[in-house]
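Peer 1: Just one file: protein16.txt, with compact mmCIF, C-alpha atoms.
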# COMPACT_ATOMS: atom_id res chain seq x y z
CA MET A 14 0.00 0.00 0.00
CA TRP A 15 2.84 2.37 0.80
CA ARG A 16 4.57 1.77 -2.51
CA SER A 17 1.44 2.20 -4.61
CA ASN A 18 0.93 5.68 -3.17
CA SER A 19 4.47 6.91 -3.83
CA LYS A 20 5.49 9.90 -5.91
CA MET A 21 8.94 10.85 -7.20
CA LYS A 22 10.39 14.35 -7.21
CA LYS A 23 13.77 15.72 -8.17
CA PHE A 24 15.23 18.88 -6.64
CA HIS A 25 18.02 20.75 -8.42
CA PHE A 26 20.61 23.03 -6.82
CA TRP A 27 23.01 24.96 -9.00
CA ASP A 28 25.55 27.75 -9.05
CA ASP A 29 26.17 29.06 -12.56
CA GLU A 30 29.07 31.24 -11.45
CA ASN A 31 31.07 28.28 -10.11
CA SER A 32 29.60 25.68 -12.48
CA GLU A 33 28.39 23.54 -9.60
CA GLU A 34 25.21 21.48 -9.56
CA LYS A 35 23.62 18.77 -7.43
CA SER A 36 20.31 16.95 -7.73
CA VAL A 37 18.42 15.05 -5.06
CA ILE A 38 15.75 12.48 -5.88
CA ILE A 39 12.98 12.17 -3.30
CA LYS A 40 10.37 9.45 -2.99
CA GLU A 41 7.26 10.78 -1.30
CA LEU A 42 4.69 8.50 0.26
CA LEU A 43 1.28 10.10 -0.06
CA ASP A 44 0.00 8.64 3.17
CA PRO A 45 -1.55 10.05 6.35
CA SER A 46 1.90 9.76 7.95
CA TYR A 47 3.17 13.30 7.37
CA GLY A 48 6.76 12.14 7.91
CA CYS A 49 7.02 10.92 4.31
CA TYR A 50 5.99 14.16 2.59
CA VAL A 51 8.31 16.95 1.43
CA TRP A 52 7.25 20.01 3.40
CA PRO A 53 8.09 23.52 2.16
CA SER A 54 10.37 24.08 5.16
CA ALA A 55 12.71 21.45 3.70
CA PHE A 56 13.15 23.55 0.54
CA VAL A 57 14.23 26.56 2.57
CA LEU A 58 16.70 24.60 4.69
CA ALA A 59 18.14 22.84 1.66
CA GLU A 60 18.62 26.13 -0.21
CA TYR A 61 20.44 27.55 2.83
CA ILE A 62 22.71 24.50 2.94
CA TRP A 63 23.47 24.85 -0.76
CA HIS A 64 24.22 28.57 -0.47
CA GLU A 65 26.48 27.96 2.55
CA ARG A 66 27.75 24.55 1.43
CA GLY A 67 31.32 25.33 2.39
CA LEU A 68 30.22 25.27 6.04
CA PHE A 69 28.73 21.78 5.75
CA LYS A 70 31.20 20.05 3.46
CA ASP A 71 33.35 17.39 5.20
CA LYS A 72 31.49 17.92 8.51
CA THR A 73 29.44 15.58 10.71
CA ILE A 74 25.74 16.37 10.39
CA LEU A 75 22.77 15.02 12.31
CA GLU A 76 19.32 15.52 10.80
CA LEU A 77 16.38 15.23 13.20
CA GLY A 78 12.98 14.15 11.91
CA SER A 79 14.51 13.54 8.50
CA GLY A 80 11.31 12.32 6.85
CA THR A 81 12.15 12.44 3.15
CA SER A 82 15.64 13.73 4.09
CA LEU A 83 16.12 16.44 1.46
CA PRO A 84 18.49 18.64 3.56
CA GLY A 85 20.52 15.71 4.89
CA LEU A 86 20.88 14.02 1.52
CA LEU A 87 22.03 17.27 -0.06
CA CYS A 88 24.72 17.49 2.65
CA ALA A 89 25.80 13.92 1.90
CA LEU A 90 26.17 14.76 -1.78
CA LEU A 91 28.52 17.68 -1.07
CA SER A 92 31.52 15.38 -0.59
CA ASP A 93 32.46 11.78 0.15
CA ASN A 94 33.93 12.96 3.48
CA THR A 95 30.71 14.48 4.79
CA HIS A 96 29.29 12.23 7.53
CA VAL A 97 25.50 12.42 7.66
CA ILE A 98 23.20 10.74 10.18
CA LEU A 99 19.58 10.68 9.00
CA THR A 100 17.17 10.03 11.86
CA ASP A 101 13.46 9.71 12.42
CA ARG A 102 11.06 7.99 14.78
CA SER A 103 12.06 4.42 15.61
CA ASP A 104 8.41 3.52 16.25
CA VAL A 105 7.37 4.26 12.65
CA PRO A 106 9.50 1.82 10.60
CA GLN A 107 7.87 2.88 7.31
CA ILE A 108 9.59 6.25 7.52
CA LEU A 109 13.03 4.72 8.09
CA GLU A 110 12.40 2.25 5.28
CA ASN A 111 11.54 5.11 2.94
CA ILE A 112 14.71 6.99 3.93
CA ARG A 113 16.74 3.90 3.00
CA GLU A 114 15.00 3.69 -0.37
CA ILE A 115 15.63 7.38 -1.04
CA ALA A 116 19.30 7.04 -0.05
CA LYS A 117 19.56 4.16 -2.51
CA LEU A 118 17.98 6.25 -5.27
CA ASN A 119 20.73 8.84 -4.70
CA ASN A 120 23.50 6.20 -4.64
CA LEU A 121 24.22 6.89 -0.97
CA LEU A 122 23.00 3.73 0.75
CA THR A 123 26.35 1.93 0.44
CA ARG A 124 28.43 4.76 1.87
CA ASN A 125 29.68 3.93 5.37
CA ASN A 126 29.46 7.59 6.40
CA VAL A 127 25.73 7.87 5.71
CA TRP A 128 23.83 6.39 8.64
CA ILE A 129 20.08 5.89 8.96
CA ARG A 130 18.93 5.54 12.56
CA GLY A 131 15.81 5.58 14.64
CA LEU A 132 15.86 8.40 17.19
CA MET A 133 13.13 9.31 19.64
CA TRP A 134 13.38 12.94 20.79
CA GLY A 135 13.84 13.14 24.54
CA ASP A 136 14.87 9.46 24.82
CA PHE A 137 18.27 9.21 26.52
CA SER A 138 18.61 5.45 26.72
CA ASP A 139 21.93 3.83 25.78
CA SER A 140 20.65 0.37 24.97
CA ASP A 141 22.39 -1.55 22.19
CA LYS A 142 19.06 -2.82 20.88
CA GLY A 143 18.58 0.03 18.40
CA ASN A 144 15.60 1.49 20.23
CA GLY A 145 16.24 5.09 19.25
CA GLY A 146 18.07 6.41 22.31
CA LEU A 147 20.29 9.47 22.05
CA PHE A 148 23.06 8.02 24.26
CA GLN A 149 23.40 5.07 21.93
CA LEU A 150 23.70 7.30 18.88
CA LEU A 151 26.23 9.66 20.46
CA ASN A 152 28.33 6.73 21.65
CA ASP A 153 28.47 5.36 18.10
CA ILE A 154 29.47 8.76 16.71
CA GLU A 155 32.20 9.22 19.29
CA LYS A 156 33.52 5.70 18.63
CA SER A 157 34.07 6.82 15.03
CA TYR A 158 36.19 9.71 16.40
CA ARG A 159 33.75 12.36 15.31
CA LYS A 160 31.68 15.11 16.88
CA ILE A 161 28.42 16.49 15.53
CA ASP A 162 29.14 19.86 13.89
CA TRP A 163 25.63 20.63 12.65
CA ILE A 164 22.15 19.54 13.67
CA LEU A 165 19.44 20.06 11.06
CA GLY A 166 15.67 20.01 11.32
CA SER A 167 12.97 21.06 8.88
CA ASP A 168 9.50 21.59 10.36
CA THR A 169 10.44 19.73 13.53
CA PHE A 170 8.43 22.32 15.49
CA TYR A 171 5.17 21.00 14.10
CA ASP A 172 3.37 19.57 17.13
CA PRO A 173 3.63 21.60 20.36
CA LYS A 174 3.66 18.43 22.48
CA ASP A 175 7.06 17.58 20.94
CA PHE A 176 8.69 20.98 21.42
CA GLU A 177 10.38 20.32 24.75
CA ASP A 178 11.59 16.87 23.68
CA ILE A 179 13.26 18.49 20.66
CA ILE A 180 14.81 21.30 22.71
CA VAL A 181 16.11 19.00 25.46
CA THR A 182 17.65 16.73 22.82
CA ILE A 183 19.46 19.70 21.29
CA ALA A 184 20.48 21.00 24.72
CA TYR A 185 22.01 17.67 25.69
CA ILE A 186 24.06 17.44 22.49
CA LEU A 187 25.35 21.00 22.90
CA THR A 188 26.09 20.57 26.62
CA TYR A 189 27.61 17.11 26.82
CA HIS A 190 28.69 16.17 23.31
CA PHE A 191 29.99 19.26 21.46
CA PRO A 192 29.25 22.81 22.69
CA ASN A 193 30.29 24.35 19.36
CA ALA A 194 27.61 22.52 17.39
CA LYS A 195 24.74 24.52 15.92
CA PHE A 196 21.12 23.63 15.26
CA ILE A 197 19.71 25.04 12.04
CA THR A 198 15.97 24.64 11.74
CA SER A 199 13.32 25.88 9.34
CA TYR A 200 9.74 26.08 10.46
CA GLN A 201 6.38 27.21 9.17
CA GLU A 202 4.48 29.58 11.43
CA ARG A 203 1.05 28.04 11.89
CA SER A 204 -0.04 30.05 14.92
CA SER A 205 1.23 33.30 16.40
CA LYS A 206 0.48 31.84 19.85
CA ARG A 207 3.19 29.19 19.54
CA SER A 208 6.59 30.03 20.94
CA ILE A 209 9.76 28.14 21.90
CA GLN A 210 11.41 31.07 23.69
CA TYR A 211 10.50 29.88 27.18
CA LEU A 212 11.99 26.46 26.40
CA LEU A 213 15.17 28.04 25.03
CA ASP A 214 15.48 30.04 28.26
CA LYS A 215 14.80 26.96 30.38
CA TRP A 216 17.50 24.91 28.68
CA LYS A 217 19.99 27.78 28.32
CA LEU A 218 19.90 28.09 24.56
CA LYS A 219 19.70 31.13 22.32
CA CYS A 220 18.51 31.63 18.78
CA ASN A 221 19.01 34.00 15.88
CA GLN A 222 16.76 34.30 12.87
CA ILE A 223 18.43 33.86 9.50
CA SER A 224 16.93 36.07 6.83
CA LEU A 225 15.91 34.25 3.67
CA ALA A 226 17.22 37.23 1.74
CA SER A 227 20.68 36.62 3.22
CA PHE A 228 21.05 33.49 1.10
CA ASN A 229 19.02 34.71 -1.87
CA PHE A 230 16.16 32.28 -1.42
CA ASN A 231 14.20 32.19 -4.68
CA HIS A 232 10.49 31.62 -4.02
CA ASP A 233 9.75 31.42 -7.73
CA LYS A 234 11.84 28.25 -8.05
CA TYR A 235 9.24 26.37 -6.01
CA ILE A 236 6.03 27.68 -7.51
CA ASN A 237 6.51 26.29 -10.99
CA ASP A 238 5.54 22.71 -11.82
CA LYS A 239 7.72 21.25 -14.56
CA ASN A 240 8.53 17.87 -16.06
CA ASP A 241 12.01 16.44 -16.05
CA ASP A 242 13.24 15.76 -19.59
CA ASP A 243 15.30 12.73 -18.54
CA ASN A 244 12.59 10.84 -16.65
CA GLU A 245 8.89 11.54 -16.94
CA GLU A 246 8.30 9.88 -13.54
CA LEU A 247 10.18 12.69 -11.81
CA THR A 248 8.70 16.13 -11.30
CA ASP A 249 10.67 19.23 -10.39
CA ASP A 250 9.61 21.70 -7.75
CA VAL A 251 5.99 22.04 -6.70
CA ALA A 252 3.69 24.91 -5.91
CA TYR A 253 3.88 26.05 -2.29
CA ALA A 254 3.73 29.80 -2.81
CA THR A 255 1.52 30.57 0.19
CA SER A 256 3.35 28.26 2.60
CA LEU A 257 6.77 29.58 1.64
CA GLN A 258 5.79 33.06 2.74
CA SER A 259 5.35 31.85 6.33
CA ILE A 260 8.62 29.93 6.74
CA PHE A 261 11.44 31.10 8.99
CA LEU A 262 14.98 29.87 9.53
CA LEU A 263 16.63 29.82 12.96
CA GLU A 264 20.11 29.14 14.27
CA ILE A 265 20.03 27.74 17.83
CA THR A 266 23.19 27.56 19.92
CA LYS A 267 24.29 27.19 23.51
CA ILE A 268 24.39 30.33 25.65
Re-express the file's structure as structure tokens.

Peer 2:
Amino acid sequence: MWRSNSKMKKFHFWDDENSEEKSVIIKELLDPSYGCYVWPSAFVLAEYIWHERGLFKDKTILELGSGTSLPGLLCALLSDNTHVILTDRSDVPQILENIREIAKLNNLLTRNNVWIRGLMWGDFSDSDKGNGGLFQLLNDIEKSYRKIDWILGSDTFYDPKDFEDIIVTIAYILTYHFPNAKFITSYQERSSKRSIQYLLDKWKLKCNQISLASFNFNHDKYINDKNDDDNEELTDDVAYATSLQSIFLLEITKI
């Protein structure tokens, strides 16, 4: 049932001045599970990564709530030395299965520095049974003699009941794993009554808003529906004009 409701999309990133280009193929599952759908926030985060790709190349990157994994996969394609950990809920195996299929589509599944893991926000268990605990993941990263440089999340602040679990997960990584790491997250404002400021204060974190104009985000790129000449099953860029106007990008760091 999952496979029959799938849809393929290809996202292009280019820099004419430096003759650089990357493409990411995404397999969407059009299912009630919103974790397998490409949300507009992912476009914004991915465009920021592409514009600032020198900051992410050859680094260790953890993506939270990866879903269809557009930002994380783009990071992985920047260089063979970029270590990317794509994570999502361990209690929804369909999402992790779809991430593996998407990684395979982008020829990344066989790379030993692209990991796909279950991770439950706010779960600090260190069991070796793969149950999605943060301790377990951090131990594995440190055993590979690495530290997380960047944490990514697109539309992770979707359900208010998850907000503190997300923030405490970030706070733990920045406090006990690597204080110089940064969390870059894009989110869509769905209600002016929602705020994470009190949680940032509680867990001694600070945030700065990153202007979309600062990395020349092009809204028009994502409001045109086109066909890919090489493969008619792939479609480029979809119409999210209204949603894109309400998306913000934040950098969260330790105080």

Peer 1: Hey, which of A:Ile154, A:Ala184, A:Ile38, A:Cys49 ends up closest to Ala116 in chain A? Count all atoms listed in the file.

Peer 2: A:Ile38

Peer 1: For CA of Ala89 in chain A and CA of Gly166 in chain A, quote the distance in Å rounded to one decimal.

Peer 2: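 So the answer is 15.1 Å.
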
Peer 1: Would you mind telling me which residue in A:Phe137, A:Phe191, A:Trp52, A:Tyr61 lies nearest to Asn229 in chain A when using only C-alpha atoms?

Peer 2: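 Selected residue with least distance to Asn229 in chain A: A:Tyr61.
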
Peer 1: With distances taken over all atoms listed in the file, which of A:Met21, A:Leu58, A:Leu257, A:Leu150 is nearest to Arg203 in chain A?

Peer 2: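 Looking at the shortest contact to Arg203 in chain A, the residue is A:Leu257.
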
Peer 1: With all atoms listed in the file as the counted atoms, please give the residues lying no more than 7 Å from His25 in chain A, apart from itself and same-chain residues fewer than 6 positions off, as a JSON list (two decimals) with C-alpha atoms, keeping the file's coordinate frame.

Peer 2:
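The new file selection22.json reads:
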[["chain", "number", "residue", "atom", "x", "y", "z"],
["A", 35, "LYS", "CA", 23.62, 18.77, -7.43],
["A", 36, "SER", "CA", 20.31, 16.95, -7.73],
["A", 37, "VAL", "CA", 18.42, 15.05, -5.06]]

Peer 1: Using only C-alpha atoms, find all polymer residues with an atom at most 12 Å away from the point (23.3, 30.3, 24.6); report them as number ranges by chain.

Peer 2: A: 183-184, 187-188, 192-196, 210, 213-221, 264-268

Peer 1: Go ahead and write the residues just picked, C-alpha atoms, as a CSV table (one decimal), keeping the file's coordinate frame.

Peer 2:
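After the write, result03.csv holds the following:
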chain,number,residue,atom,x,y,z
A,183,ILE,CA,19.5,19.7,21.3
A,184,ALA,CA,20.5,21.0,24.7
A,187,LEU,CA,25.4,21.0,22.9
A,188,THR,CA,26.1,20.6,26.6
A,192,PRO,CA,29.2,22.8,22.7
A,193,ASN,CA,30.3,24.4,19.4
A,194,ALA,CA,27.6,22.5,17.4
A,195,LYS,CA,24.7,24.5,15.9
A,196,PHE,CA,21.1,23.6,15.3
A,210,GLN,CA,11.4,31.1,23.7
A,213,LEU,CA,15.2,28.0,25.0
A,214,ASP,CA,15.5,30.0,28.3
A,215,LYS,CA,14.8,27.0,30.4
A,216,TRP,CA,17.5,24.9,28.7
A,217,LYS,CA,20.0,27.8,28.3
A,218,LEU,CA,19.9,28.1,24.6
A,219,LYS,CA,19.7,31.1,22.3
A,220,CYS,CA,18.5,31.6,18.8
A,221,ASN,CA,19.0,34.0,15.9
A,264,GLU,CA,20.1,29.1,14.3
A,265,ILE,CA,20.0,27.7,17.8
A,266,THR,CA,23.2,27.6,19.9
A,267,LYS,CA,24.3,27.2,23.5
A,268,ILE,CA,24.4,30.3,25.6

Peer 1: Kindly provide, as lines of an AutoDock Vina configuration file, the centre and edge lengths (Å, one decimal) of an axis-aligned box around all atoms of range 100-113 of chain A given in the file, with 6 Å on each side.

Peer 2:
center_x = 12.3
center_y = 5.9
center_z = 9.6
size_x = 21.8
size_y = 20.2
size_z = 25.3

Peer 1: Between A:Tyr189, A:Trp134, A:Trp128, A:Tyr50, which residue has the minimum interatomic distance to Ser103 in chain A, considering all atoms listed in the file?

Peer 2: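 For Ser103 in chain A, the nearest of the given residues is A:Trp134.
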
Peer 1: Here is a test: counting all atoms listed in the file, which residue of A:Ser208, A:Ala226, A:Asp136, A:Leu91 is nearest to Leu68 in chain A?

Peer 2: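 Using all atoms listed in the file, the shortest distance to Leu68 in chain A belongs to A:Leu91.
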
Peer 1: In Å, how far is it from CA of Ser256 in chain A to CA of Gly135 in chain A?

Peer 2: 28.6 Å

Peer 1: Could you check which residues have any atom within 12 Å of (6.0, 20.5, 18.0), counting only C-alpha atoms with coordinates taken straight from the file, and then list them as a list of chain:residue names?

Peer 2: A:Gly78, A:Trp134, A:Gly166, A:Ser167, A:Asp168, A:Thr169, A:Phe170, A:Tyr171, A:Asp172, A:Pro173, A:Lys174, A:Asp175, A:Phe176, A:Glu177, A:Asp178, A:Ile179, A:Ile180, A:Tyr200, A:Gln201, A:Glu202, A:Arg203, A:Ser204, A:Arg207, A:Ser208, A:Ile209, A:Leu212

Peer 1: Between CA of Ile39 in chain A and CA of Ile223 in chain A, measure the distance and give it in Å to one decimal.

Peer 2: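 Answer for the CA of Ile39 in chain A to CA of Ile223 in chain A separation: 25.8 Å.
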
Peer 1: Find the residue from A:Gln222, A:Leu87, A:Lys40, A:Asn231 that sits nearest to Leu118 in chain A; use all atoms listed in the file when measuring.

Peer 2: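 Of A:Gln222, A:Leu87, A:Lys40, A:Asn231, the one nearest Leu118 in chain A is A:Lys40, counting all atoms listed in the file.
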